[in-house]
>>> print(open('protein_16.cif').read())   # mmCIF, C-alpha atoms
data_run
#
loop_
_atom_site.group_PDB
_atom_site.id
_atom_site.type_symbol
_atom_site.label_atom_id
_atom_site.label_comp_id
_atom_site.auth_asym_id
_atom_site.auth_seq_id
_atom_site.Cartn_x
_atom_site.Cartn_y
_atom_site.Cartn_z
ATOM 1 C CA PHE M 402 6.514 8.765 -35.119
ATOM 2 C CA GLU M 403 9.249 7.763 -32.757
ATOM 3 C CA ARG M 404 9.366 4.803 -30.459
ATOM 4 C CA GLY M 405 8.492 5.857 -26.901
ATOM 5 C CA ASP M 406 9.420 3.865 -23.819
ATOM 6 C CA GLU M 407 6.802 1.327 -24.800
ATOM 7 C CA TYR M 408 4.519 2.724 -27.503
ATOM 8 C CA PRO M 409 4.955 4.996 -30.512
ATOM 9 C CA VAL M 410 4.820 8.688 -29.675
ATOM 10 C CA ASP M 411 -1.124 25.393 -32.378
ATOM 11 C CA ASP M 412 -0.695 24.908 -28.643
ATOM 12 C CA SER M 413 -4.180 26.131 -27.716
ATOM 13 C CA PRO M 414 -5.620 22.655 -26.925
ATOM 14 C CA TYR M 415 -2.775 22.075 -24.459
ATOM 15 C CA LYS M 416 -3.217 25.513 -22.919
ATOM 16 C CA VAL M 417 -6.939 25.198 -22.182
ATOM 17 C CA ALA M 418 -6.513 21.626 -20.922
ATOM 18 C CA TYR M 419 -3.814 22.822 -18.514
ATOM 19 C CA GLN M 420 -5.954 25.726 -17.309
ATOM 20 C CA LEU M 421 -8.777 23.305 -16.507
ATOM 21 C CA GLN M 422 -6.386 20.828 -14.900
ATOM 22 C CA GLN M 423 -5.165 23.554 -12.542
ATOM 23 C CA LEU M 424 -8.759 24.330 -11.531
ATOM 24 C CA TRP M 425 -9.386 20.626 -10.891
ATOM 25 C CA GLU M 426 -6.204 20.246 -8.840
ATOM 26 C CA GLU M 427 -6.968 23.372 -6.797
ATOM 27 C CA HIS M 428 -10.369 21.917 -5.960
ATOM 28 C CA ASN M 429 -8.823 18.594 -4.934
ATOM 29 C CA LYS M 430 -6.512 20.386 -2.482
ATOM 30 C CA VAL M 431 -9.446 21.824 -0.521
ATOM 31 C CA MET A 601 -20.622 -0.831 -19.470
ATOM 32 C CA LYS A 602 -21.143 -0.938 -23.229
ATOM 33 C CA TYR A 603 -23.149 1.660 -25.119
ATOM 34 C CA GLN A 604 -24.454 1.759 -28.659
ATOM 35 C CA TYR A 605 -23.556 4.537 -31.043
ATOM 36 C CA THR A 606 -26.537 6.826 -31.587
ATOM 37 C CA ARG A 607 -27.849 6.769 -35.118
ATOM 38 C CA SER A 608 -29.677 9.522 -36.966
ATOM 39 C CA PRO A 609 -33.022 8.633 -38.594
ATOM 40 C CA ALA A 610 -32.119 11.165 -41.290
ATOM 41 C CA PHE A 611 -29.183 8.963 -42.364
ATOM 42 C CA PRO A 612 -30.408 5.355 -42.128
ATOM 43 C CA HIS A 613 -27.540 4.012 -44.248
ATOM 44 C CA LEU A 614 -24.783 5.754 -42.319
ATOM 45 C CA ARG A 615 -22.450 3.271 -40.637
ATOM 46 C CA GLY A 616 -22.075 3.833 -36.919
ATOM 47 C CA GLY A 617 -23.220 7.202 -35.657
ATOM 48 C CA LEU A 618 -22.100 9.219 -32.650
ATOM 49 C CA PRO A 619 -20.876 8.009 -29.233
ATOM 50 C CA LEU A 620 -23.493 9.761 -27.103
ATOM 51 C CA ILE A 621 -24.327 8.931 -23.498
ATOM 52 C CA GLU A 622 -26.736 10.221 -20.910
ATOM 53 C CA ILE A 623 -24.940 11.794 -17.986
ATOM 54 C CA ALA A 624 -26.321 13.133 -14.722
ATOM 55 C CA LEU A 625 -24.677 16.394 -13.642
ATOM 56 C CA TYR A 626 -24.874 17.808 -10.111
ATOM 57 C CA HIS A 627 -23.943 21.242 -8.787
ATOM 58 C CA ARG A 628 -25.062 22.412 -5.355
ATOM 59 C CA GLU A 629 -28.789 21.517 -5.178
ATOM 60 C CA TYR A 630 -29.171 21.393 -8.964
ATOM 61 C CA GLU A 631 -29.333 18.158 -10.936
ATOM 62 C CA ILE A 632 -29.876 17.563 -14.656
ATOM 63 C CA THR A 633 -29.561 14.575 -16.976
ATOM 64 C CA ILE A 634 -28.445 15.387 -20.499
ATOM 65 C CA PRO A 635 -27.002 13.697 -23.586
ATOM 66 C CA ALA A 636 -23.282 14.271 -24.102
ATOM 67 C CA LEU A 637 -20.737 13.351 -26.755
ATOM 68 C CA VAL A 638 -17.806 11.187 -25.630
ATOM 69 C CA ASP A 639 -15.054 12.821 -27.680
ATOM 70 C CA SER A 640 -11.505 11.485 -27.480
ATOM 71 C CA GLY A 641 -10.422 14.192 -29.924
ATOM 72 C CA ALA A 642 -11.540 17.043 -27.684
ATOM 73 C CA ALA A 643 -8.827 18.511 -25.453
ATOM 74 C CA MET A 644 -11.439 19.617 -22.929
ATOM 75 C CA SER A 645 -15.004 19.011 -21.857
ATOM 76 C CA VAL A 646 -17.488 21.668 -22.939
ATOM 77 C CA LEU A 647 -20.660 22.809 -21.184
ATOM 78 C CA PRO A 648 -23.118 24.956 -23.173
ATOM 79 C CA TYR A 649 -24.218 28.265 -21.680
ATOM 80 C CA ASP A 650 -27.872 27.362 -20.995
ATOM 81 C CA THR A 651 -26.868 24.005 -19.488
ATOM 82 C CA GLY A 652 -24.609 25.831 -17.035
ATOM 83 C CA LEU A 653 -27.496 28.121 -16.097
ATOM 84 C CA GLU A 654 -29.673 25.049 -15.432
ATOM 85 C CA LEU A 655 -26.980 23.861 -13.027
ATOM 86 C CA GLY A 656 -27.186 27.129 -11.102
ATOM 87 C CA PHE A 657 -24.005 28.780 -12.386
ATOM 88 C CA ALA A 658 -24.025 32.569 -12.796
ATOM 89 C CA TRP A 659 -21.846 33.917 -15.611
ATOM 90 C CA GLU A 660 -21.018 37.155 -13.762
ATOM 91 C CA GLU A 661 -19.742 35.242 -10.727
ATOM 92 C CA GLN A 662 -17.155 33.162 -12.594
ATOM 93 C CA THR A 663 -13.496 33.729 -11.762
ATOM 94 C CA VAL A 664 -11.505 31.258 -13.886
ATOM 95 C CA PRO A 665 -11.436 32.360 -17.540
ATOM 96 C CA VAL A 666 -10.058 29.785 -19.990
ATOM 97 C CA ASP A 667 -8.849 30.199 -23.565
ATOM 98 C CA VAL A 668 -10.782 27.818 -25.766
ATOM 99 C CA GLY A 669 -9.469 27.250 -29.289
ATOM 100 C CA GLY A 670 -10.541 25.377 -32.389
ATOM 101 C CA VAL A 671 -14.065 26.058 -33.624
ATOM 102 C CA LEU A 672 -14.777 27.854 -30.332
ATOM 103 C CA LYS A 673 -11.832 30.232 -30.748
ATOM 104 C CA ASP A 674 -12.516 33.657 -29.191
ATOM 105 C CA THR A 675 -15.647 32.346 -27.446
ATOM 106 C CA PRO A 676 -15.716 33.574 -23.832
ATOM 107 C CA ALA A 677 -15.416 30.628 -21.425
ATOM 108 C CA TYR A 678 -14.881 29.869 -17.746
ATOM 109 C CA GLY A 679 -13.690 26.729 -16.003
ATOM 110 C CA VAL A 680 -16.355 25.158 -13.764
ATOM 111 C CA LEU A 681 -16.475 22.036 -11.599
ATOM 112 C CA VAL A 682 -19.466 19.703 -11.734
ATOM 113 C CA ARG A 683 -20.136 16.292 -10.264
ATOM 114 C CA GLY A 684 -21.086 13.751 -12.919
ATOM 115 C CA GLN A 685 -22.403 10.211 -13.007
ATOM 116 C CA ILE A 686 -22.971 7.780 -15.860
ATOM 117 C CA SER A 687 -25.093 4.654 -15.471
ATOM 118 C CA HIS A 688 -24.122 2.713 -12.345
ATOM 119 C CA LEU A 689 -20.504 3.917 -12.125
ATOM 120 C CA PRO A 690 -19.417 5.981 -9.107
ATOM 121 C CA PRO A 691 -19.815 9.770 -9.483
ATOM 122 C CA VAL A 692 -16.709 11.745 -10.440
ATOM 123 C CA GLU A 693 -15.533 15.345 -10.300
ATOM 124 C CA LEU A 694 -15.687 16.810 -13.803
ATOM 125 C CA VAL A 695 -14.157 20.033 -15.040
ATOM 126 C CA PHE A 696 -15.753 21.845 -17.983
ATOM 127 C CA ALA A 697 -15.139 24.896 -20.094
ATOM 128 C CA TRP A 698 -18.472 26.665 -19.677
ATOM 129 C CA VAL A 699 -18.796 28.530 -22.963
ATOM 130 C CA HIS A 700 -20.972 31.405 -24.106
ATOM 131 C CA ARG A 701 -22.707 29.263 -26.733
ATOM 132 C CA THR A 702 -26.114 27.649 -26.310
ATOM 133 C CA SER A 703 -26.966 23.959 -26.583
ATOM 134 C CA ASP A 704 -28.596 24.785 -29.932
ATOM 135 C CA GLU A 705 -25.127 25.674 -31.199
ATOM 136 C CA ILE A 706 -22.899 23.087 -29.514
ATOM 137 C CA ARG A 707 -23.284 19.763 -27.760
ATOM 138 C CA THR A 708 -22.131 18.975 -24.269
ATOM 139 C CA ILE A 709 -18.738 17.367 -24.876
ATOM 140 C CA LEU A 710 -16.864 14.974 -22.600
ATOM 141 C CA GLY A 711 -13.207 15.391 -23.574
ATOM 142 C CA GLN A 712 -9.685 14.488 -22.514
ATOM 143 C CA MET A 713 -9.584 16.996 -19.633
ATOM 144 C CA ASN A 714 -10.919 15.541 -17.511
ATOM 145 C CA PHE A 715 -13.562 12.944 -18.455
ATOM 146 C CA PHE A 716 -10.944 10.638 -19.971
ATOM 147 C CA GLN A 717 -8.892 10.922 -16.772
ATOM 148 C CA HIS A 718 -11.634 9.099 -14.879
ATOM 149 C CA TYR A 719 -12.494 6.130 -17.079
ATOM 150 C CA ARG A 720 -11.156 3.477 -19.397
ATOM 151 C CA ILE A 721 -12.895 4.160 -22.701
ATOM 152 C CA THR A 722 -12.717 2.018 -25.821
ATOM 153 C CA PHE A 723 -14.404 2.608 -29.150
ATOM 154 C CA GLU A 724 -15.524 -0.045 -31.645
ATOM 155 C CA ALA A 725 -17.127 2.082 -34.338
ATOM 156 C CA TYR A 726 -17.178 -0.933 -36.679
ATOM 157 C CA ASN A 727 -19.537 -2.631 -34.193
ATOM 158 C CA SER A 728 -21.370 0.613 -33.331
ATOM 159 C CA LEU A 729 -20.289 0.082 -29.725
ATOM 160 C CA PHE A 730 -18.169 1.890 -27.169
ATOM 161 C CA GLU A 731 -17.392 0.926 -23.603
ATOM 162 C CA ILE A 732 -16.805 2.974 -20.463
ATOM 163 C CA THR A 733 -15.416 1.209 -17.414
ATOM 164 C CA THR A 734 -13.512 2.176 -14.293
ATOM 165 C CA ARG A 735 -9.904 3.031 -14.984
ATOM 166 C CA LYS A 736 -6.946 0.729 -14.522
ATOM 167 C CA MET A 737 -3.771 2.554 -13.559
ATOM 168 C CA SER A 738 -0.605 1.344 -15.306
#
>>> encode(input="protein_16.cif", output="structure tokens")
Amino acid sequence: FERGDEYPVDDSPYKVAYQLQQLWEEHNKV
Amino acid sequence: MKYQYTRSPAFPHLRGGLPLIEIALYHREYEITIPALVDSGAAMSVLPYDTGLELGFAWEEQTVPVDVGGVLKDTPAYGVLVRGQISHLPPVELVFAWVHRTSDEIRTILGQMNFFQHYRITFEAYNSLFEITTRKMS
């Protein structure tokens, strides 16, 4: 772990989350 | 609001249980109330196939395919938007991966995208309690 600004800090989980986020954001634009 | 972990009668000596809640889901004129797992380790929320049908979704009409991984790898899935409400909290816009697996095979899961974007959620497994409240932006 590395120290983040304040707290300590397979890509498929990121990919599907981003796909769903884009759908959500598109809907919010309407 | 605080909720108790759900225990299984089959395992009376198991500590804790599962953080399950009842959630009302709305889509067009359809409305259902179902149990769902609050899962901080899930990248996305998951809606079983038959649950999506109950909400009036048609598989052939979906236009936003998503690539689910993990234990659902290679399972066909589409992104869908549903309105959801838990207990007395205001309803929110939820996004799910609607997967081609039935509720006999998988639970409805409330994951990071985007259930955890809407609420402040804390787990106290050692007390068999978890709490869901409105979010506080930092």
>>> resolve_selection(input="protein_16.cif", expression="the PyMOL selection byres ((chain A and resi 708) around 8)", output="PyMOL selection string")
chain A and resi 635-637+645-648+703+706-707+709-710
>>> residues_around(input="protein_16.cif", residues="Glu426 in chain M", least_positions_apart="3", cutoff="12 Å", atoms="all atoms listed in the file", output="mmCIF file with C-alpha atoms, in the frame of the given file")
data_model
loop_
_atom_site.group_PDB
_atom_site.id
_atom_site.type_symbol
_atom_site.label_atom_id
_atom_site.label_comp_id
_atom_site.auth_asym_id
_atom_site.auth_seq_id
_atom_site.Cartn_x
_atom_site.Cartn_y
_atom_site.Cartn_z
ATOM 1 C CA TYR M 419 -3.814 22.822 -18.514
ATOM 2 C CA GLN M 420 -5.954 25.726 -17.309
ATOM 3 C CA LEU M 421 -8.777 23.305 -16.507
ATOM 4 C CA GLN M 422 -6.386 20.828 -14.900
ATOM 5 C CA GLN M 423 -5.165 23.554 -12.542
ATOM 6 C CA ASN M 429 -8.823 18.594 -4.934
ATOM 7 C CA LYS M 430 -6.512 20.386 -2.482
ATOM 8 C CA VAL M 431 -9.446 21.824 -0.521
ATOM 9 C CA LEU A 681 -16.475 22.036 -11.599
ATOM 10 C CA GLU A 693 -15.533 15.345 -10.300
ATOM 11 C CA LEU A 694 -15.687 16.810 -13.803
ATOM 12 C CA VAL A 695 -14.157 20.033 -15.040
ATOM 13 C CA MET A 713 -9.584 16.996 -19.633
ATOM 14 C CA ASN A 714 -10.919 15.541 -17.511
#
>>> atom_distance(input="protein_16.cif", atom1="CA of Leu655 in chain A", atom2="CA of Arg607 in chain A")
27.9 Å
>>> atom_distance(input="protein_16.cif", atom1="CA of Val666 in chain A", atom2="CA of Leu625 in chain A")
20.8 Å
>>> resolve_selection(input="protein_16.cif", expression="the PyMOL selection byres ((chain A) within 12 of (chain M))", output="VMD selection string")
chain A and resid 641 to 646 663 to 674 677 to 683 692 to 698 711 to 717
>>> closest_residue(input="protein_16.cif", among="A:Asp639, A:Glu631, A:Glu731, A:Glu705", to="Leu653 in chain A", atoms="all atoms listed in the file")
A:Glu631
